[in-house]
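Engineer: What follows is my_file-v9.txt, made up of compact mmCIF, C-alpha atoms:
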# COMPACT_ATOMS: atom_id res chain seq x y z
CA MET A 1 168.84 -44.95 59.84
CA HIS A 2 171.80 -42.62 60.15
CA LYS A 3 171.99 -41.97 56.40
CA LEU A 4 168.90 -39.73 56.28
CA PRO A 5 170.10 -37.24 58.94
CA LEU A 6 173.50 -37.15 57.26
CA ALA A 7 171.86 -36.46 53.93
CA ILE A 8 169.83 -33.62 55.44
CA ILE A 9 172.94 -32.15 57.07
CA GLY A 10 174.81 -32.43 53.78
CA LEU A 11 171.99 -30.66 51.96
CA LEU A 12 171.80 -27.88 54.54
CA CYS A 13 175.54 -27.31 54.26
CA GLY A 14 175.67 -27.74 50.51
CA VAL A 15 173.05 -25.12 49.59
CA PRO A 16 174.83 -22.20 51.34
CA LEU A 17 178.16 -23.33 49.92
CA ALA A 18 176.64 -23.45 46.44
CA LEU A 19 175.23 -19.94 46.89
CA ILE A 20 178.61 -18.67 48.08
CA ALA A 21 180.26 -20.25 45.04
CA ILE A 22 177.72 -18.62 42.73
CA LEU A 23 178.26 -15.20 44.35
CA PHE A 24 182.03 -15.66 44.10
CA LEU A 25 181.69 -16.30 40.36
CA ALA A 26 179.12 -13.54 39.78
CA ILE A 27 180.67 -10.67 41.77
CA GLU A 28 184.07 -9.30 40.77
CA ASN A 29 186.51 -6.87 42.32
CA HIS A 30 186.81 -4.55 39.32
CA PRO A 31 184.37 -3.17 36.75
CA SER A 32 184.66 -4.50 33.22
CA ILE A 33 183.35 -1.15 31.95
CA GLU A 34 184.27 2.21 33.46
CA ARG A 35 183.14 5.29 31.51
CA GLN A 36 182.25 8.89 32.22
CA ILE A 37 179.05 10.65 31.15
CA VAL A 38 179.80 13.65 28.95
CA PHE A 39 176.74 15.31 27.41
CA THR A 40 177.25 17.47 24.34
CA PRO A 41 174.80 19.71 22.49
CA GLU A 42 174.98 17.23 19.59
CA HIS A 43 173.45 14.51 21.80
CA ILE A 44 170.54 16.79 22.66
CA GLU A 45 170.09 17.87 19.04
CA ARG A 46 169.85 14.30 17.72
CA ALA A 47 167.36 13.36 20.44
CA LYS A 48 165.34 16.46 19.62
CA GLN A 49 165.26 15.48 15.94
CA ILE A 50 163.75 12.08 16.82
CA VAL A 51 161.14 13.67 19.09
CA ASP A 52 160.30 16.37 16.54
CA ALA A 53 159.84 13.78 13.80
CA HIS A 54 157.41 11.86 15.99
CA ARG A 55 155.51 14.98 17.04
CA HIS A 56 155.13 16.44 13.55
CA TRP A 57 154.63 13.36 11.38
CA VAL A 58 153.32 10.45 13.44
CA ARG A 59 149.56 10.12 13.82
CA PRO A 60 147.57 7.70 16.01
CA GLY A 61 147.54 4.23 14.48
CA MET A 62 150.37 5.01 12.05
CA LEU A 63 153.28 2.58 11.71
CA ALA A 64 156.39 4.72 12.12
CA ALA A 65 160.14 4.22 12.26
CA ALA A 66 162.96 5.88 14.18
CA LYS A 67 166.65 5.53 13.39
CA VAL A 68 169.10 5.58 16.31
CA MET A 69 172.79 5.98 15.53
CA PRO A 70 175.20 3.46 17.13
CA GLU A 71 176.91 6.14 19.22
CA ASP A 72 173.54 7.35 20.52
CA ALA A 73 172.41 3.84 21.50
CA ASP A 74 175.73 3.36 23.28
CA PHE A 75 175.51 6.75 24.97
CA ALA A 76 171.92 6.15 26.11
CA ALA A 77 172.82 2.79 27.66
CA ASN A 78 175.79 4.31 29.51
CA TYR A 79 173.68 7.23 30.75
CA LEU A 80 170.94 4.91 32.06
CA ALA A 81 173.47 2.64 33.79
CA ASN A 82 175.03 5.67 35.46
CA ARG A 83 171.74 7.36 36.29
CA PHE A 84 169.99 4.40 37.86
CA GLY A 85 172.85 2.17 39.02
CA LYS A 86 175.87 4.50 39.33
CA GLY A 87 177.59 2.22 36.83
CA SER A 88 178.70 2.12 33.21
CA ALA A 89 177.57 0.40 30.04
CA HIS A 90 178.72 -0.18 26.49
CA VAL A 91 176.68 -1.27 23.46
CA THR A 92 178.19 -2.78 20.32
CA LEU A 93 175.90 -3.16 17.32
CA ALA A 94 176.56 -5.74 14.61
CA ASP A 95 174.60 -7.39 11.83
CA ARG A 96 171.32 -8.58 13.39
CA ASN A 97 172.68 -8.59 16.95
CA ALA A 98 173.91 -6.41 19.77
CA ILE A 99 176.26 -6.98 22.70
CA ILE A 100 175.47 -5.06 25.87
CA ARG A 101 178.03 -4.88 28.66
CA VAL A 102 177.13 -3.36 32.03
CA SER A 103 179.11 -2.84 35.24
CA LEU A 104 177.21 -1.95 38.41
CA PRO A 105 178.85 -1.28 41.80
CA LEU A 106 177.61 -3.17 44.87
CA HIS A 107 178.06 -1.24 48.10
CA GLY A 108 175.95 -3.18 50.59
CA PHE A 109 177.58 -5.58 53.07
CA PRO A 110 178.28 -8.43 52.52
CA LEU A 111 177.91 -7.87 48.78
CA SER A 112 180.70 -5.52 47.77
CA GLY A 113 182.40 -5.35 44.41
CA TYR A 114 180.98 -5.14 40.90
CA LEU A 115 178.26 -6.93 39.02
CA ASN A 116 179.59 -7.28 35.46
CA LEU A 117 177.01 -8.41 32.94
CA GLN A 118 177.28 -9.20 29.25
CA ALA A 119 174.16 -9.91 27.24
CA THR A 120 173.81 -10.77 23.56
CA LEU A 121 170.56 -9.80 21.85
CA VAL A 122 169.65 -11.22 18.46
CA GLU A 123 167.21 -9.84 15.92
CA THR A 124 163.96 -11.74 15.33
CA ALA A 125 160.83 -11.18 13.24
CA THR A 126 159.55 -8.91 16.03
CA LEU A 127 161.51 -7.80 19.08
CA PRO A 128 165.11 -8.82 19.94
CA GLN A 129 165.59 -11.92 22.05
CA LEU A 130 168.26 -12.69 24.63
CA GLN A 131 170.70 -15.24 23.22
CA SER A 132 173.17 -15.41 26.10
CA LEU A 133 173.82 -13.82 29.47
CA HIS A 134 177.04 -13.80 31.49
CA VAL A 135 177.25 -12.46 35.04
CA GLY A 136 180.87 -12.13 36.07
CA LYS A 137 182.52 -15.50 35.47
CA LEU A 138 179.12 -17.19 35.54
CA SER A 139 177.39 -18.14 32.30
CA LEU A 140 173.66 -18.58 32.84
CA PRO A 141 172.17 -21.61 31.08
CA ASP A 142 169.66 -20.97 28.30
CA ALA A 143 166.87 -22.67 30.26
CA LEU A 144 167.33 -20.20 33.12
CA THR A 145 167.42 -17.11 30.89
CA ASP A 146 164.39 -18.38 28.96
CA MET A 147 162.56 -18.51 32.28
CA LEU A 148 163.80 -15.21 33.74
CA VAL A 149 163.39 -12.91 30.72
CA PRO A 150 159.58 -13.30 30.38
CA GLN A 151 159.24 -12.71 34.11
CA PHE A 152 161.33 -9.55 33.84
CA VAL A 153 159.23 -8.29 30.91
CA GLN A 154 156.04 -8.99 32.85
CA TRP A 155 157.45 -7.03 35.79
CA LEU A 156 158.20 -4.06 33.52
CA ARG A 157 154.74 -4.20 31.98
CA ARG A 158 153.15 -3.56 35.38
CA SER A 159 154.30 0.04 34.98
CA PRO A 160 152.11 2.01 32.53
CA GLU A 161 154.99 3.87 30.86
CA TYR A 162 156.92 0.64 30.17
CA ARG A 163 153.75 -1.17 29.13
CA THR A 164 153.05 1.62 26.66
CA GLY A 165 156.50 1.21 25.15
CA PHE A 166 156.13 -2.54 24.77
CA ASP A 167 152.66 -2.17 23.27
CA ALA A 168 153.89 0.37 20.73
CA LEU A 169 156.99 -1.57 19.60
CA ARG A 170 156.61 -3.75 16.53
CA LEU A 171 160.12 -4.48 15.26
CA VAL A 172 163.73 -3.62 16.07
CA LYS A 173 166.39 -4.14 13.41
CA MET A 174 170.07 -4.06 14.33
CA SER A 175 173.07 -3.35 12.15
CA PRO A 176 176.49 -1.67 12.46
CA ASP A 177 174.79 1.48 11.12
CA GLY A 178 172.38 1.69 14.05
CA LEU A 179 168.98 0.65 15.35
CA SER A 180 165.82 0.87 13.26
CA ILE A 181 162.85 0.95 15.63
CA PHE A 182 159.38 0.42 14.15
CA TYR A 183 156.39 1.30 16.31
CA ARG A 184 152.65 1.96 16.13
CA TRP A 185 151.57 4.83 18.33
CA ASP A 186 148.17 4.89 20.03
CA ASN A 187 147.34 8.42 21.09
CA GLY A 188 144.95 7.11 23.72
CA LEU A 189 147.92 5.87 25.75
CA HIS A 190 149.16 9.40 26.52
CA HIS A 191 146.81 9.86 29.48
CA GLU A 192 147.88 6.60 31.13
CA VAL A 193 151.56 7.42 30.72
CA ARG A 194 151.23 10.96 32.02
CA ALA A 195 149.23 9.77 34.99
CA SER A 196 152.00 7.29 35.90
CA VAL A 197 154.90 9.75 35.71
CA ILE A 198 153.96 11.48 38.98
CA ASP A 199 152.95 9.25 41.90
CA LYS A 200 150.04 10.08 44.21
CA HIS A 201 152.22 11.54 46.97
CA GLU A 202 153.94 13.85 44.50
CA ARG A 203 150.57 14.88 43.03
CA LYS A 204 149.41 15.92 46.51
CA ARG A 205 152.53 18.03 46.93
CA LEU A 206 152.08 19.66 43.55
CA LEU A 207 148.45 20.48 44.37
CA ARG A 208 149.51 22.25 47.58
CA TYR A 209 152.04 24.47 45.80
CA GLN A 210 149.75 25.04 42.84
CA SER A 211 146.95 26.16 45.19
CA LEU A 212 149.28 28.57 47.00
CA LEU A 213 150.60 29.99 43.74
CA ALA A 214 147.06 30.42 42.39
CA ALA A 215 146.10 32.41 45.48
CA ASN A 216 149.26 34.55 45.40
CA SER A 217 149.00 35.24 41.67
CA LYS A 218 145.88 37.34 42.27
CA LEU A 219 148.08 39.80 44.17
CA TYR A 220 150.84 40.04 41.58
CA GLU A 221 151.26 42.77 38.98
CA PRO A 222 151.13 41.77 35.28
CA VAL A 223 154.92 41.63 35.38
CA VAL A 224 156.35 39.95 38.48
CA SER A 225 159.87 39.01 39.55
CA LEU A 226 160.92 35.41 40.14
CA ALA A 227 162.44 36.66 43.39
CA GLN A 228 158.90 37.52 44.53
CA ILE A 229 157.34 34.19 43.47
CA LEU A 230 159.79 31.74 45.03
CA PRO A 231 159.86 32.75 48.74
CA PRO A 232 156.18 31.93 49.57
CA LEU A 233 156.48 28.54 47.87
CA VAL A 234 159.70 27.72 49.71
CA ARG A 235 158.23 28.85 53.04
CA LEU A 236 155.53 26.25 52.54
CA ALA A 237 158.22 23.71 51.62
CA ARG A 238 160.05 24.51 54.85
CA GLU A 239 156.88 24.03 56.90
CA ARG A 240 156.11 20.73 55.21
CA SER A 241 159.70 19.54 55.70
CA ILE A 242 159.54 19.63 59.50
CA ASN A 243 157.93 16.19 59.54
CA GLY A 244 158.45 15.38 55.89
CA ASP A 245 160.95 15.05 53.05
CA ALA A 246 162.73 18.35 52.37
CA LEU A 247 164.10 17.14 49.03
CA ALA A 248 160.67 16.06 47.77
CA GLU A 249 159.07 19.32 48.94
CA ASN A 250 161.75 21.40 47.20
CA ARG A 251 161.31 19.45 43.98
CA ALA A 252 157.56 19.99 43.96
CA ALA A 253 157.87 23.72 44.67
CA ILE A 254 160.45 24.13 41.89
CA LEU A 255 158.36 22.18 39.38
CA VAL A 256 155.21 24.21 40.04
CA ALA A 257 157.17 27.47 39.75
CA THR A 258 158.77 26.33 36.50
CA PHE A 259 155.48 25.49 34.80
CA TYR A 260 154.11 28.86 35.92
CA VAL A 261 157.14 30.75 34.57
CA LEU A 262 156.82 28.94 31.24
CA GLY A 263 153.07 29.56 31.06
CA ILE A 264 152.39 25.80 30.78
CA SER A 265 149.61 23.95 32.58
CA LEU A 266 150.49 21.11 34.95
CA GLU A 267 147.91 19.08 33.03
CA GLN A 268 150.77 18.23 30.68
CA ILE A 269 152.15 15.82 33.29
CA VAL A 270 149.24 15.51 35.76
CA PRO A 271 145.92 15.04 33.91
CA GLU A 272 143.86 15.58 37.06
CA ALA A 273 145.34 19.09 37.39
CA VAL A 274 142.57 20.23 35.03
CA GLY A 275 140.44 20.54 38.16
CA TRP A 276 143.07 22.26 40.30
CA PRO A 277 143.21 26.02 41.03
CA HIS A 278 144.77 27.84 38.08
CA PRO A 279 147.20 30.72 38.73
CA LYS A 280 146.59 34.00 36.99
CA LEU A 281 149.08 34.26 34.14
CA GLN A 282 151.79 36.88 34.52
CA SER A 283 155.07 37.63 32.79
CA VAL A 284 157.77 36.42 35.19
CA THR A 285 161.16 38.10 34.98
CA LEU A 286 164.60 37.77 36.53
CA ASP A 287 166.67 40.92 36.62
CA GLY A 288 164.12 42.48 34.28
CA ARG A 289 164.14 39.75 31.62
CA ASP A 290 161.66 36.95 31.16
CA ASP A 291 164.15 34.80 29.24
CA PHE A 292 166.43 34.71 32.31
CA ALA A 293 163.56 33.48 34.48
CA LYS A 294 162.79 30.70 31.98
CA HIS A 295 166.43 29.64 31.69
CA PHE A 296 166.88 29.65 35.45
CA MET A 297 163.79 27.63 36.32
CA VAL A 298 164.08 25.06 33.52
CA SER A 299 167.66 24.33 34.54
CA ALA A 300 166.67 24.19 38.22
CA THR A 301 163.96 21.63 37.46
CA ILE A 302 166.20 19.45 35.31
CA SER A 303 168.88 19.53 37.99
CA ALA A 304 166.41 18.79 40.79
CA TYR A 305 164.71 15.92 39.01
CA ALA A 306 167.44 14.56 36.81
CA ASP A 307 171.14 15.07 36.20
CA THR A 308 173.35 18.16 36.30
CA ALA A 309 175.25 17.20 33.14
CA LEU A 310 171.96 16.83 31.30
CA SER A 311 170.87 20.26 32.47
CA ASP A 312 174.12 21.82 31.31
CA ALA A 313 173.88 20.18 27.88
CA ILE A 314 170.29 21.30 27.30
CA GLY A 315 171.12 24.87 28.24
CA LEU A 316 174.17 24.88 25.98
CA TYR A 317 172.24 23.27 23.13
CA LYS A 318 169.61 26.02 23.40
CA GLU A 319 172.27 28.68 22.98
CA ILE A 320 173.89 26.98 19.98
CA ASP A 321 170.47 26.47 18.40
CA ASP A 322 169.68 30.16 18.93
CA SER A 323 172.97 31.10 17.27
CA ARG A 324 171.81 29.28 14.12
CA PHE A 325 168.12 30.03 13.92
CA GLY A 326 167.03 32.26 16.79
CA SER A 327 168.18 35.29 18.74
CA GLY A 328 171.83 34.23 18.81
CA PHE A 329 174.29 32.67 21.27
CA SER A 330 174.15 34.45 24.64
CA PHE A 331 176.56 33.91 27.49
CA ASN A 332 174.18 35.70 29.85
CA ASP A 333 171.55 33.03 29.14
CA ILE A 334 174.14 30.42 30.01
CA ALA A 335 174.78 32.32 33.25
CA ALA A 336 171.06 31.99 34.06
CA ASP A 337 171.22 28.29 33.16
CA ARG A 338 174.19 27.69 35.44
CA ALA A 339 172.63 29.63 38.32
CA GLY A 340 169.42 27.61 37.97
CA THR A 341 171.35 24.36 37.80
CA LYS A 342 173.22 25.15 41.02
CA PHE A 343 169.95 26.20 42.67
CA GLY A 344 168.26 22.91 41.77
CA GLU A 345 171.35 20.96 42.76
CA LYS A 346 171.49 22.53 46.20
CA ALA A 347 167.74 22.01 46.65
CA VAL A 348 168.10 18.21 46.53
CA ALA A 349 171.74 17.43 47.36
CA ASN A 350 170.84 16.17 50.86
CA GLU A 351 168.59 17.09 53.79
CA VAL A 352 171.02 19.64 55.22
CA SER A 353 171.53 21.36 51.87
CA ALA A 354 167.78 21.31 51.10
CA LYS A 355 166.92 22.99 54.41
CA GLN A 356 169.74 25.53 54.07
CA LEU A 357 168.30 26.60 50.72
CA GLN A 358 164.82 26.80 52.23
CA GLN A 359 166.10 29.13 54.94
CA ARG A 360 167.88 31.39 52.43
CA VAL A 361 164.90 31.69 50.09
CA ALA A 362 162.19 31.90 52.77
CA SER A 363 163.87 34.93 54.32
CA GLY A 364 163.35 36.88 51.08
CA LEU A 365 165.16 37.35 47.79
CA LYS A 366 166.49 40.00 45.48
CA ASP A 367 167.08 39.36 41.79
CA SER A 368 170.81 39.60 42.40
CA ASP A 369 170.55 36.66 44.82
CA LEU A 370 169.50 34.44 41.90
CA MET A 371 171.14 35.95 38.81
CA PRO A 372 174.89 36.67 38.60
CA VAL A 373 176.30 39.84 37.07
CA TRP A 374 175.66 39.53 33.34
CA SER A 375 175.59 42.96 31.67
CA ASP A 376 179.15 42.63 30.30
CA LEU A 377 178.64 39.11 28.89
CA PRO A 378 178.39 38.79 25.09
CA GLU A 379 174.95 37.92 23.70
CA PHE A 380 172.91 37.69 20.49
CA MET A 381 175.86 36.24 18.54
CA ALA A 382 175.14 34.45 15.28
CA GLU A 383 176.95 31.15 14.82
CA ALA A 384 179.64 32.66 12.58
CA GLU A 385 180.35 35.46 15.06
CA PHE A 386 180.42 33.05 17.99
CA LYS A 387 183.00 30.84 16.25
CA ARG A 388 185.07 33.86 15.18
CA ARG A 389 185.22 35.32 18.69
CA PHE A 390 185.35 32.16 20.80
CA GLY A 391 186.35 29.36 18.43
CA GLY A 392 183.67 26.87 19.53
CA ILE A 393 182.82 25.16 22.81
CA ASP A 394 186.20 23.41 23.08
CA ALA A 395 188.34 26.49 22.46
CA PRO A 396 190.34 28.29 25.20
CA ALA A 397 188.39 31.55 24.79
CA TYR A 398 185.10 29.77 25.39
CA ARG A 399 186.43 27.84 28.39
CA ASN A 400 187.79 31.05 29.89
CA MET A 401 184.39 32.71 29.56
CA MET A 402 182.74 29.72 31.23
CA ARG A 403 185.20 29.90 34.13
CA GLN A 404 184.23 33.55 34.65
CA ILE A 405 180.55 32.63 34.69
CA GLU A 406 181.15 29.82 37.19
CA LYS A 407 182.97 32.20 39.54
CA ARG A 408 180.06 34.65 39.41
CA VAL A 409 177.50 31.93 40.06
CA ALA A 410 179.52 30.54 42.96
CA VAL A 411 179.20 33.76 45.00
CA LEU A 412 175.41 34.06 44.73
CA HIS A 413 173.92 34.57 48.18
CA VAL A 414 171.19 31.97 47.74
CA LEU A 415 173.74 29.19 47.26
CA HIS A 416 175.51 29.77 50.62
Rewrite the coordinates I just gave you, this time as structure tokens.

Structural biologist:
Amino acid sequence: MHKLPLAIIGLLCGVPLALIAILFLAIENHPSIERQIVFTPEHIERAKQIVDAHRHWVRPGMLAAAKVMPEDADFAANYLANRFGKGSAHVTLADRNAIIRVSLPLHGFPLSGYLNLQATLVETATLPQLQSLHVGKLSLPDALTDMLVPQFVQWLRRSPEYRTGFDALRLVKMSPDGLSIFYRWDNGLHHEVRASVIDKHERKRLLRYQSLLAANSKLYEPVVSLAQILPPLVRLARERSINGDALAENRAAILVATFYVLGISLEQIVPEAVGWPHPKLQSVTLDGRDDFAKHFMVSATISAYADTALSDAIGLYKEIDDSRFGSGFSFNDIAADRAGTKFGEKAVANEVSAKQLQQRVASGLKDSDLMPVWSDLPEFMAEAEFKRRFGGIDAPAYRNMMRQIEKRVAVLHVLH
């Protein structure tokens, strides 16, 4: 009669001990991968080439292919690990398989340390399959991974944007030369994806700022300064932040202003915006130039919604691309990019920073509060001239010019 209670006690003690043992094996004190994120214009250019190829050549129902270089697959994995988990990742491609290593920090008590994962994917007749998975010193049995992976895929498919990706994918081939991704694109899926990008709370915020901007635009001259457009939007953001989320309100105000400056409808990301009030189109300038306003706001949006390094790289890529095919490389455009990046960064750094920015902007702006001194900065340089004068983006002359720009941006009134 005493054996049953003892067995129950043993079970109750054994399960926690087993869980502790598993956690001890799974969580480690040091990351197996530790890498920085360094965006370059070349990363942006290769991504742009893939997007351009899809946009110009792929039609609904067509079976298409995209080639991803090994270094780009590796870079994308590391960026995603850093962006969403504050960790690092490394991808090694081989013949018909890939090894993915990820290190994610754990900061919550009692789980502190690093979750180090290593997964091996193997090529199949359709999509890659998980061959093995190691978590720290723990090797998960095949039966467990076979059970968990389908559940994880089903969880991802609940989200329209991930479901769209899975539905489009047909085959992924892996080799040391890169990934070959074959997909069939259904144009009808665009609406579902766009509708899922912005949640309902964010859509309500965007509608509020869009409505205010539409009303204000009737009062603006055909050419209007960005310094005139931003304060009313930010005053509304400050009002809504009293009992709300200052970071979210700032993001929404910045996004609406950016689409207006670019002359693009919010329908591009919010299909229901077709029925919203539409602002009267004006040419928006910053310090007398519409290109400065565009550079500033695009960088502010990228910084507010994404990652500062990404914003910097896109701005720099634009200048290098202009030096080859457009108006030329311009350091004053980079100054507008950097000012916009810092503006967006301050808008969402934390609650205190977000409300400080609201107070600065709501009290009124001058162009010089947003745009640093730029008239002496070189612009409209063709690629050959840029390299002759500055030696490229890694040369001392270029770095010195960037330091000057950073100093000028740092003293802008709106950032203090």

Engineer: Which residue out of A:Leu127, A:Leu247, A:Ala257, A:Leu104 has the minimum interatomic distance to His30 in chain A when only C-alpha atoms are used?

Structural biologist: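 Smallest separation from His30 in chain A among the options: A:Leu104.
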
Engineer: Report, in Å to a single decimal, how far apart CA of Glu406 in chain A and CA of Lys342 in chain A are.

Structural biologist: 10.0 Å

Engineer: So how far away is CA of Val102 in chain A from CA of Ile27 in chain A, in Å?

Structural biologist: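 Straight-line distance from CA of Ile27 in chain A to CA of Val102 in chain A works out to 12.7 Å.
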
Engineer: Which one of A:Ile229, A:Ile254, A:Glu34, A:Val224 sits closest to Leu206 in chain A if you count all atoms listed in the file?

Structural biologist: A:Ile254

Engineer: In terms of the shortest atom-to-atom distance over all atoms listed in the file, which of A:Val122, A:Ile44, A:Ala89, A:Ala214 is closest to Pro232 in chain A?

Structural biologist: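 Closest to Pro232 in chain A of all the choices is A:Ala214.
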
Engineer: With distances taken over all atoms listed in the file, which residue among A:Gly244, A:Gly364, A:Pro372, A:Gly391 lies nearest Arg408 in chain A?

Structural biologist: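 Closest to Arg408 in chain A of all the choices is A:Pro372.
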
Engineer: Provide the CA of Phe292 in chain A to CA of Met371 in chain A distance in Å, to one decimal place.

Structural biologist: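 Taking CA of Phe292 in chain A as the start and CA of Met371 in chain A as the end point, the length is 8.1 Å.
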
Engineer: Could you list, as a PyMOL selection string, every residue within 12 Å of Asp376 in chain A, counting only C-alpha atoms and ignoring same-chain residues fewer than 5 positions away?

Structural biologist: chain A and resi 330-332+335+401+404-405

Engineer: Any idea what's packed within 12 Å of His54 in chain A, counting all atoms listed in the file, ignoring anything in its chain fewer than 2 positions away? Could you give it as a list in words?

Structural biologist: Ala47, Lys48, Gln49, Ile50, Val51, Asp52, His56, Trp57, Val58, Arg59, Pro60, Met62, Leu63, Ala64, Ala65, Ala66, Lys67, Phe182, Tyr183, Arg184, Trp185 and Asn187 of chain A

Engineer: Show which residues sit within 10 Å of Ala125 in chain A, as a ChimeraX atom specification. Count all atoms listed in the file, and ignore same-chain residues fewer than 6 positions away.

Structural biologist: /A:170-173

Engineer: Using all atoms listed in the file, which residue out of A:His278, A:Ser299, A:His107, A:Lys355 lies closest to Gly85 in chain A?

Structural biologist: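 Ranked by minimum distance to Gly85 in chain A, first place goes to A:His107.
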
Engineer: Here is a test: counting all atoms listed in the file, which residue of A:Asp290, A:Glu123, A:Glu351, A:Asp146 is nearest to Asp95 in chain A?

Structural biologist: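 That would be A:Glu123, the residue with the smallest distance to Asp95 in chain A.
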
Engineer: Find the spatial neighbours of Leu357 in chain A, counting only C-alpha atoms, within a cut-off of 7 Å - ignore same-chain residues fewer than 3 positions away - and output them as a PyMOL selection string.

Structural biologist: chain A and resi 346-347+353-354+360-361+414-415

Engineer: Env of Ala73 in chain A: 12 Å cut, atoms = only C-alpha atoms, seq-sep filter 2 positions within chain, self excluded. Answer as an NGL selection string.

Structural biologist: :A and (43 or 46-47 or 67-71 or 75-80 or 89-93 or 98-100 or 174-181)

Engineer: Distance cut-off 9 Å, centre (154.8, 40.7, 35.3) in file coordinates, counting all atoms listed in the file: which residues qualify? Return them as a ChimeraX atom specification.

Structural biologist: /A:220-225,281-285,290
